[in-house]
Each structure stands twice: as structure tokens, then as C-alpha cells.
$ cat start_25.pdb   # PDB, C-alpha atoms and all ligand atoms
ATOM      1  CA  MET A 162     199.007  19.249  75.275
ATOM      2  CA  LYS A 163     196.462  20.185  72.624
ATOM      3  CA  ILE A 164     194.360  17.177  71.651
ATOM      4  CA  ALA A 165     192.009  17.069  68.656
ATOM      5  CA  ILE A 166     189.475  14.453  67.663
ATOM      6  CA  CYS A 167     188.731  13.538  64.033
ATOM      7  CA  PRO A 168     185.435  11.643  64.288
ATOM      8  CA  GLY A 169     183.689   9.714  61.540
ATOM      9  CA  SER A 170     182.606   6.360  60.228
ATOM     10  CA  PHE A 171     185.774   5.700  58.175
ATOM     11  CA  ASP A 172     184.051   2.860  56.312
ATOM     12  CA  PRO A 173     186.742   2.697  54.926
ATOM     13  CA  MET A 174     189.387   5.407  55.316
ATOM     14  CA  THR A 175     190.045   7.423  52.142
ATOM     15  CA  LEU A 176     192.771   9.856  51.083
ATOM     16  CA  GLY A 177     190.287  12.606  51.995
ATOM     17  CA  HIS A 178     190.211  11.473  55.635
ATOM     18  CA  LEU A 179     193.981  11.035  55.689
ATOM     19  CA  ASP A 180     194.538  14.561  54.379
ATOM     20  CA  ILE A 181     192.409  16.043  57.183
ATOM     21  CA  VAL A 182     194.291  14.048  59.853
ATOM     22  CA  GLU A 183     197.680  15.070  58.458
ATOM     23  CA  ARG A 184     196.711  18.735  58.341
ATOM     24  CA  ALA A 185     195.303  18.585  61.892
ATOM     25  CA  LEU A 186     198.683  17.279  63.063
ATOM     26  CA  GLY A 187     200.150  20.596  61.907
ATOM     27  CA  PHE A 188     198.466  22.452  64.738
ATOM     28  CA  PHE A 189     197.622  19.863  67.425
ATOM     29  CA  ASP A 190     199.991  17.807  69.578
ATOM     30  CA  LYS A 191     197.852  14.732  69.307
ATOM     31  CA  VAL A 192     195.053  13.640  66.968
ATOM     32  CA  ILE A 193     192.607  10.924  67.912
ATOM     33  CA  ILE A 194     190.894   9.285  64.935
ATOM     34  CA  LEU A 195     187.605   8.253  66.475
ATOM     35  CA  VAL A 196     185.562   5.584  64.740
ATOM     36  CA  MET A 197     182.005   6.261  65.808
ATOM     37  CA  SER A 198     180.118   3.021  66.158
ATOM     38  CA  ASN A 199     176.648   4.481  66.648
ATOM     39  CA  SER A 200     176.159   5.349  63.010
ATOM     40  CA  SER A 201     172.937   4.205  61.390
ATOM     41  CA  LYS A 202     174.762   3.595  58.110
ATOM     42  CA  ASN A 203     175.068   0.070  56.719
ATOM     43  CA  SER A 204     178.729  -0.647  57.109
ATOM     44  CA  ALA A 205     181.005  -2.679  54.855
ATOM     45  CA  PHE A 206     183.563  -3.106  57.638
ATOM     46  CA  THR A 207     183.077  -3.729  61.356
ATOM     47  CA  VAL A 208     184.352  -1.087  63.747
ATOM     48  CA  GLU A 209     187.370  -3.263  64.621
ATOM     49  CA  GLU A 210     188.167  -3.767  60.926
ATOM     50  CA  ARG A 211     187.890  -0.044  60.254
ATOM     51  CA  MET A 212     190.279   0.690  63.140
ATOM     52  CA  GLU A 213     192.718  -1.898  61.805
ATOM     53  CA  LEU A 214     192.586  -0.377  58.302
ATOM     54  CA  ILE A 215     193.287   3.089  59.747
ATOM     55  CA  ARG A 216     196.246   1.714  61.725
ATOM     56  CA  LYS A 217     197.678   0.269  58.502
ATOM     57  CA  CYS A 218     197.594   3.752  56.942
ATOM     58  CA  VAL A 219     198.835   5.869  59.828
ATOM     59  CA  ASP A 220     202.092   5.230  61.606
ATOM     60  CA  ASP A 221     202.653   8.275  63.787
ATOM     61  CA  PRO A 222     203.038   8.359  67.584
ATOM     62  CA  LYS A 223     200.982  11.566  67.594
ATOM     63  CA  VAL A 224     197.960   9.703  66.179
ATOM     64  CA  GLU A 225     195.737   7.408  68.194
ATOM     65  CA  VAL A 226     192.881   5.304  66.835
ATOM     66  CA  ASP A 227     189.918   4.711  69.101
ATOM     67  CA  THR A 228     186.199   3.996  69.021
ATOM     68  CA  TYR A 229     183.222   5.287  70.964
ATOM     69  CA  ASP A 230     179.505   4.674  70.886
ATOM     70  CA  GLY A 231     178.284   7.520  73.072
ATOM     71  CA  LEU A 232     178.093  11.281  72.718
ATOM     72  CA  LEU A 233     181.151  12.771  71.065
ATOM     73  CA  VAL A 234     181.344  15.555  73.666
ATOM     74  CA  ASP A 235     181.462  13.004  76.504
ATOM     75  CA  TYR A 236     184.447  11.387  74.830
ATOM     76  CA  ALA A 237     186.046  14.814  74.354
ATOM     77  CA  LYS A 238     185.600  15.540  78.077
ATOM     78  CA  GLU A 239     187.063  12.157  79.039
ATOM     79  CA  ARG A 240     190.130  12.718  76.866
ATOM     80  CA  ASP A 241     190.484  16.409  77.644
ATOM     81  CA  ALA A 242     190.321  17.229  73.924
ATOM     82  CA  THR A 243     190.014  20.877  72.942
ATOM     83  CA  ALA A 244     188.820  20.502  69.376
ATOM     84  CA  ILE A 245     186.862  18.427  66.912
ATOM     85  CA  VAL A 246     188.391  18.651  63.440
ATOM     86  CA  LYS A 247     186.139  18.048  60.446
ATOM     87  CA  GLY A 248     186.666  18.195  56.732
ATOM     88  CA  LEU A 249     184.166  20.126  54.636
ATOM     89  CA  ARG A 250     183.737  18.886  51.104
ATOM     90  CA  ALA A 251     181.037  21.111  49.709
ATOM     91  CA  VAL A 252     178.203  23.379  50.642
ATOM     92  CA  SER A 253     176.140  20.213  51.017
ATOM     93  CA  ASP A 254     178.234  19.184  54.072
ATOM     94  CA  PHE A 255     177.866  22.569  55.673
ATOM     95  CA  ASP A 256     174.290  22.568  57.050
ATOM     96  CA  TYR A 257     174.661  19.285  58.883
ATOM     97  CA  GLU A 258     178.174  19.991  60.137
ATOM     98  CA  PHE A 259     177.253  23.479  61.331
ATOM     99  CA  GLN A 260     174.295  22.055  63.263
ATOM    100  CA  GLN A 261     176.549  19.409  64.854
ATOM    101  CA  ALA A 262     179.121  22.035  65.798
ATOM    102  CA  LEU A 263     176.484  24.209  67.473
ATOM    103  CA  ILE A 264     174.981  21.291  69.380
ATOM    104  CA  ASN A 265     178.375  20.104  70.560
ATOM    105  CA  LYS A 266     179.284  23.619  71.686
ATOM    106  CA  SER A 267     176.032  23.909  73.573
ATOM    107  CA  LEU A 268     176.552  20.509  75.260
ATOM    108  CA  TYR A 269     180.198  21.234  76.080
ATOM    109  CA  PRO A 270     181.169  24.913  75.782
ATOM    110  CA  LYS A 271     184.895  24.170  76.072
ATOM    111  CA  ILE A 272     184.976  22.310  72.763
ATOM    112  CA  GLU A 273     185.690  24.033  69.448
ATOM    113  CA  THR A 274     184.887  22.589  66.046
ATOM    114  CA  VAL A 275     187.524  23.349  63.432
ATOM    115  CA  PHE A 276     186.509  23.013  59.789
ATOM    116  CA  LEU A 277     189.163  22.375  57.175
ATOM    117  CA  PRO A 278     188.181  22.713  53.520
ATOM    118  CA  ALA A 279     188.728  19.500  51.570
ATOM    119  CA  ARG A 280     191.517  19.634  49.016
ATOM    120  CA  GLY A 281     190.228  20.308  45.538
ATOM    121  CA  ASP A 282     190.945  16.801  44.315
ATOM    122  CA  ASN A 283     189.178  15.259  47.342
ATOM    123  CA  MET A 284     186.020  17.358  47.048
ATOM    124  CA  PHE A 285     183.959  14.576  45.490
ATOM    125  CA  LEU A 286     185.525  11.762  47.491
ATOM    126  CA  SER A 287     183.572   9.770  50.068
ATOM    127  CA  SER A 288     183.752   6.265  51.502
ATOM    128  CA  SER A 289     180.431   5.459  49.813
ATOM    129  CA  MET A 290     181.824   6.558  46.450
ATOM    130  CA  VAL A 291     184.877   4.336  46.904
ATOM    131  CA  LYS A 292     182.685   1.321  47.779
ATOM    132  CA  GLU A 293     180.487   1.968  44.757
ATOM    133  CA  ILE A 294     183.430   2.295  42.339
ATOM    134  CA  CYS A 295     184.869  -0.908  43.761
ATOM    135  CA  ARG A 296     181.580  -2.776  43.486
ATOM    136  CA  LEU A 297     181.298  -1.811  39.835
ATOM    137  CA  GLY A 298     184.841  -2.941  39.068
ATOM    138  CA  GLY A 299     186.542   0.472  38.820
ATOM    139  CA  ASP A 300     190.013   1.498  39.969
ATOM    140  CA  ILE A 301     189.976   2.824  43.556
ATOM    141  CA  SER A 302     193.745   3.315  43.855
ATOM    142  CA  PRO A 303     193.636   7.119  43.310
ATOM    143  CA  TYR A 304     191.261   7.508  46.259
ATOM    144  CA  VAL A 305     192.472   5.312  49.111
ATOM    145  CA  PRO A 306     195.795   4.784  50.895
ATOM    146  CA  LYS A 307     197.778   2.097  49.062
ATOM    147  CA  GLN A 308     198.194   0.056  52.260
ATOM    148  CA  ILE A 309     194.481  -0.820  52.269
ATOM    149  CA  THR A 310     193.541  -0.945  48.580
ATOM    150  CA  LYS A 311     193.591  -4.733  48.530
ATOM    151  CA  ASP A 312     191.508  -5.062  51.730
ATOM    152  CA  ILE A 313     188.843  -2.847  50.205
ATOM    153  CA  TYR A 314     188.815  -4.794  46.932
ATOM    154  CA  LEU A 315     188.500  -8.067  48.800
ATOM    155  CA  ARG A 316     185.531  -6.820  50.795
ATOM    156  CA  CYS A 317     183.663  -4.643  48.322
ATOM    157  CA  LYS A 318     184.274  -6.011  44.848
ATOM    158  CA  GLY A 319     181.102  -7.509  43.493
ATOM    159  CA  ASP A 320     179.153  -6.741  46.701
ATOM    160  CA  SER A 321     175.609  -5.707  46.174
TER
HETATM  161  P1  LIG A 401     181.805   9.851  54.844
HETATM  162  O1  LIG A 401     180.908  11.052  54.779
HETATM  163  O2  LIG A 401     182.687   9.694  53.634
HETATM  164  O3  LIG A 401     181.143   8.579  55.293
HETATM  165  P2  LIG A 401     182.949  10.043  57.480
HETATM  166  O4  LIG A 401     181.710  10.061  58.265
HETATM  167  O5  LIG A 401     183.845   8.876  57.690
HETATM  168  O6  LIG A 401     182.814  10.229  55.924
HETATM  169  O7  LIG A 401     183.742  11.391  57.677
HETATM  170  C1  LIG A 401     184.561  11.708  58.741
HETATM  171  C2  LIG A 401     185.109  13.101  58.560
HETATM  172  O8  LIG A 401     185.948  13.148  57.413
HETATM  173  C3  LIG A 401     184.058  14.191  58.310
HETATM  174  O9  LIG A 401     184.493  15.361  58.938
HETATM  175  C4  LIG A 401     184.065  14.389  56.825
HETATM  176  O10 LIG A 401     183.661  15.648  56.453
HETATM  177  C5  LIG A 401     185.535  14.183  56.547
HETATM  178  N1  LIG A 401     185.741  13.762  55.185
HETATM  179  C6  LIG A 401     185.215  12.682  54.571
HETATM  180  N2  LIG A 401     185.628  12.620  53.284
HETATM  181  C7  LIG A 401     186.434  13.701  53.088
HETATM  182  C8  LIG A 401     187.157  14.236  51.963
HETATM  183  N3  LIG A 401     187.098  13.642  50.768
HETATM  184  N4  LIG A 401     187.877  15.363  52.132
HETATM  185  C9  LIG A 401     187.897  15.974  53.325
HETATM  186  N5  LIG A 401     187.239  15.547  54.421
HETATM  187  C10 LIG A 401     186.516  14.424  54.310
END

$ encode --input "start_25.pdb" --output "C-alpha cells"
Amino acid sequence: MKIAICPGSFDPMTLGHLDIVERALGFFDKVIILVMSNSSKNSAFTVEERMELIRKCVDDPKVEVDTYDGLLVDYAKERDATAIVKGLRAVSDFDYEFQQALINKSLYPKIETVFLPARGDNMFLSSSMVKEICRLGGDISPYVPKQITKDIYLRCKGDS
């Protein structure tokens, strides 16, 4: 069974994340959406809340939602995953992602990083952008799964 991991902060999940997961399902038997809890970012949602939001959006037995606060490659070893799947939005993502891919390969040679180009209409989309639009009273519905639009409004609207 070919297992892939889609790691990230998912604070919160956007249609950009969802697109990458759905495309990864086209060539892996199982996709684990891994909410990394060791991020230094200031989060709007707790790890448990982020996992719950993802579960509301994805209802597929081939998708698992999990969290981890250690090294991604250690998790990959534990779960016998063969690939890390990442979305690339723009050249600006590339440097950092390439560095991560090389480090992960050096730490665990069996792992491959697979980059999928973001869809054109998701190129500019990030969780931070969604939170900012929401905070300023804009319409986030074109950017996030409809199942969680309300949760995001409730948390982020009017936040500073
Ligand atoms: P963000 O940078 O928005 O905080 P995450 O850390 O949650 O995103 O990202 C997790 C993964 O999802 C990364 O591989 C990232 O490149 C990818 N990703 C994020 N937003 C998009 C998007 N709009 N289109 C494609 N991939 C995306």
C-alpha cells in the first residue's frame, strides 16, 4: 500500500489544501493529512480544532487526519509512508520547499517529496490570506470548503 503524507499547519484548511489532497489520492492508496503542531506561527485554531475542521471537509476512507510534533521523517518511518506531497504556489515557495525536501531525503533516503503545482486559481491562496480577508469583513466563501466557512467566520471575524 502506497502511503503519502500531506503535512502543514492547516490553520485553517483552504480549497488549495483540499485540491492537493484530492490530487494525491489519484496516485496513492492512502493520504495522511498531518497537522504539524511544532510550527512557530501564531495559530487561530488549536491543533485539535484544525483536525476537526479538516474532518468536516474530507469524508473519504482513504484519508486519515493526524498530528505530530516531531520530525516529519520520523513520522514517515513510523507509518511506512513513501512520499511527502506538497503544493507549490509560486517561485517564492520553491526555495524553502526544495531545502526541506533535500533535508528530509538526507535524513531518510527512502522518502520522496512530490511537488504538485497549485491550480491557477489557488496560486495566491493561503490560510493567512483567508484569515486576513475574514478579519477585514470580506467574503471567504470562494477560498474555503463550505463545511467550515462559518467556523472560520466565528473565529476570525473582527480578530486583531
Ligand atoms: P500555509 O502556507 O497556507 O500556512 P500550510 O503550511 O498549511 O499552508 O501548507 C501545507 C501544504 O499545503 C504546503 O505544501 C503548501 O504548499 C500547500 N498549500 C497551501 N496553500 C496552497 C494552495 N493555495 N495551493 C496549493 N497548495 C497549497

$ atom_distance --input "start_25.pdb" --atom1 "CA of Lys223 (chain A)" --atom2 "CA of Ala165 (chain A)"
10.6 Å

$ resolve_selection --input "start_25.pdb" --expression "the PyMOL selection byres (((not hetatm)) within 6 of (chain A and resi 401))" --output "list in words"
Pro168, Gly169, Ser170, Phe171, Gly177, His178, Ile181, Lys247, Gly248, Leu249, Arg250, Ala279, Asn283, Met284, Leu286, Ser287 and Ser288 of chain A

$ write_last_selection --input "start_25.pdb" --atoms "C-alpha atoms" --output "PDB file, in the coordinates of the input"
ATOM      1  CA  PRO A 168     185.435  11.643  64.288  1.00  0.00           C
ATOM      2  CA  GLY A 169     183.689   9.714  61.540  1.00  0.00           C
ATOM      3  CA  SER A 170     182.606   6.360  60.228  1.00  0.00           C
ATOM      4  CA  PHE A 171     185.774   5.700  58.175  1.00  0.00           C
ATOM      5  CA  GLY A 177     190.287  12.606  51.995  1.00  0.00           C
ATOM      6  CA  HIS A 178     190.211  11.473  55.635  1.00  0.00           C
ATOM      7  CA  ILE A 181     192.409  16.043  57.183  1.00  0.00           C
ATOM      8  CA  LYS A 247     186.139  18.048  60.446  1.00  0.00           C
ATOM      9  CA  GLY A 248     186.666  18.195  56.732  1.00  0.00           C
ATOM     10  CA  LEU A 249     184.166  20.126  54.636  1.00  0.00           C
ATOM     11  CA  ARG A 250     183.737  18.886  51.104  1.00  0.00           C
ATOM     12  CA  ALA A 279     188.728  19.500  51.570  1.00  0.00           C
ATOM     13  CA  ASN A 283     189.178  15.259  47.342  1.00  0.00           C
ATOM     14  CA  MET A 284     186.020  17.358  47.048  1.00  0.00           C
ATOM     15  CA  LEU A 286     185.525  11.762  47.491  1.00  0.00           C
ATOM     16  CA  SER A 287     183.572   9.770  50.068  1.00  0.00           C
ATOM     17  CA  SER A 288     183.752   6.265  51.502  1.00  0.00           C
TER      18      SER A 288
END

$ residues_around --input "start_25.pdb" --residues "Ser198 (chain A)" --least-positions-apart "6" --cutoff "9 Å" --atoms "all atoms listed in the file" --output "ChimeraX atom specification"
/A:169-170,207-208,228-231

$ write_last_selection --input "start_25.pdb" --atoms "C-alpha atoms" --output "short mmCIF file (atom, residue, chain, number, x, y, z; two decimals), keeping the file's coordinate frame"
data_model
loop_
_atom_site.label_atom_id
_atom_site.label_comp_id
_atom_site.auth_asym_id
_atom_site.auth_seq_id
_atom_site.Cartn_x
_atom_site.Cartn_y
_atom_site.Cartn_z
CA GLY A 169 183.69 9.71 61.54
CA SER A 170 182.61 6.36 60.23
CA THR A 207 183.08 -3.73 61.36
CA VAL A 208 184.35 -1.09 63.75
CA THR A 228 186.20 4.00 69.02
CA TYR A 229 183.22 5.29 70.96
CA ASP A 230 179.50 4.67 70.89
CA GLY A 231 178.28 7.52 73.07
#

$ resolve_selection --input "start_25.pdb" --expression "the PyMOL selection byres (((chain A and resi 268) around 12) and not hetatm)" --output "PDB file with C-alpha atoms, keeping the file's coordinate frame"
ATOM      1  CA  LEU A 232     178.093  11.281  72.718  1.00  0.00           C
ATOM      2  CA  LEU A 233     181.151  12.771  71.065  1.00  0.00           C
ATOM      3  CA  VAL A 234     181.344  15.555  73.666  1.00  0.00           C
ATOM      4  CA  ASP A 235     181.462  13.004  76.504  1.00  0.00           C
ATOM      5  CA  ALA A 237     186.046  14.814  74.354  1.00  0.00           C
ATOM      6  CA  LYS A 238     185.600  15.540  78.077  1.00  0.00           C
ATOM      7  CA  GLN A 261     176.549  19.409  64.854  1.00  0.00           C
ATOM      8  CA  ALA A 262     179.121  22.035  65.798  1.00  0.00           C
ATOM      9  CA  LEU A 263     176.484  24.209  67.473  1.00  0.00           C
ATOM     10  CA  ILE A 264     174.981  21.291  69.380  1.00  0.00           C
ATOM     11  CA  ASN A 265     178.375  20.104  70.560  1.00  0.00           C
ATOM     12  CA  LYS A 266     179.284  23.619  71.686  1.00  0.00           C
ATOM     13  CA  SER A 267     176.032  23.909  73.573  1.00  0.00           C
ATOM     14  CA  TYR A 269     180.198  21.234  76.080  1.00  0.00           C
ATOM     15  CA  PRO A 270     181.169  24.913  75.782  1.00  0.00           C
ATOM     16  CA  LYS A 271     184.895  24.170  76.072  1.00  0.00           C
ATOM     17  CA  ILE A 272     184.976  22.310  72.763  1.00  0.00           C
ATOM     18  CA  GLU A 273     185.690  24.033  69.448  1.00  0.00           C
TER      19      GLU A 273
END

$ closest_residue --input "start_25.pdb" --among "A:Ile215, A:Val305, A:Asp300, A:Ala251" --to "Lys318 (chain A)" --atoms "all atoms listed in the file"
A:Asp300

$ closest_residue --input "start_25.pdb" --among "A:Leu315, A:Ile309, A:Ala205, A:Ile166" --to "Arg240 (chain A)" --atoms "all atoms listed in the file"
A:Ile166

$ closest_residue --input "start_25.pdb" --among "A:Glu239, A:Thr274, A:Lys217, A:Arg316" --to "Gln260 (chain A)" --atoms "all atoms listed in the file"
A:Thr274

$ atom_distance --input "start_25.pdb" --atom1 "CA of Asp172 (chain A)" --atom2 "CA of Pro222 (chain A)"
22.8 Å

$ resolve_selection --input "start_25.pdb" --expression "the PyMOL selection byres (((chain A and resi 301) around 10) and not hetatm)" --output "list in words"
Thr175, Met290, Val291, Lys292, Glu293, Ile294, Cys295, Gly298, Gly299, Asp300, Ser302, Pro303, Tyr304, Val305, Pro306, Lys307, Thr310, Lys311, Ile313 and Tyr314 of chain A

$ closest_residue --input "start_25.pdb" --among "A:Asp312, A:Gly319, A:Arg184, A:Met174" --to "Val246 (chain A)" --atoms "all atoms listed in the file"
A:Arg184

$ closest_residue --input "start_25.pdb" --among "A:Thr243, A:Pro173, A:Phe255, A:Val226" --to "Phe188 (chain A)" --atoms "only C-alpha atoms"
A:Thr243

$ closest_residue --input "start_25.pdb" --among "A:Leu179, A:Leu195, A:Cys218, A:Cys317" --to "Arg296 (chain A)" --atoms "only C-alpha atoms"
A:Cys317
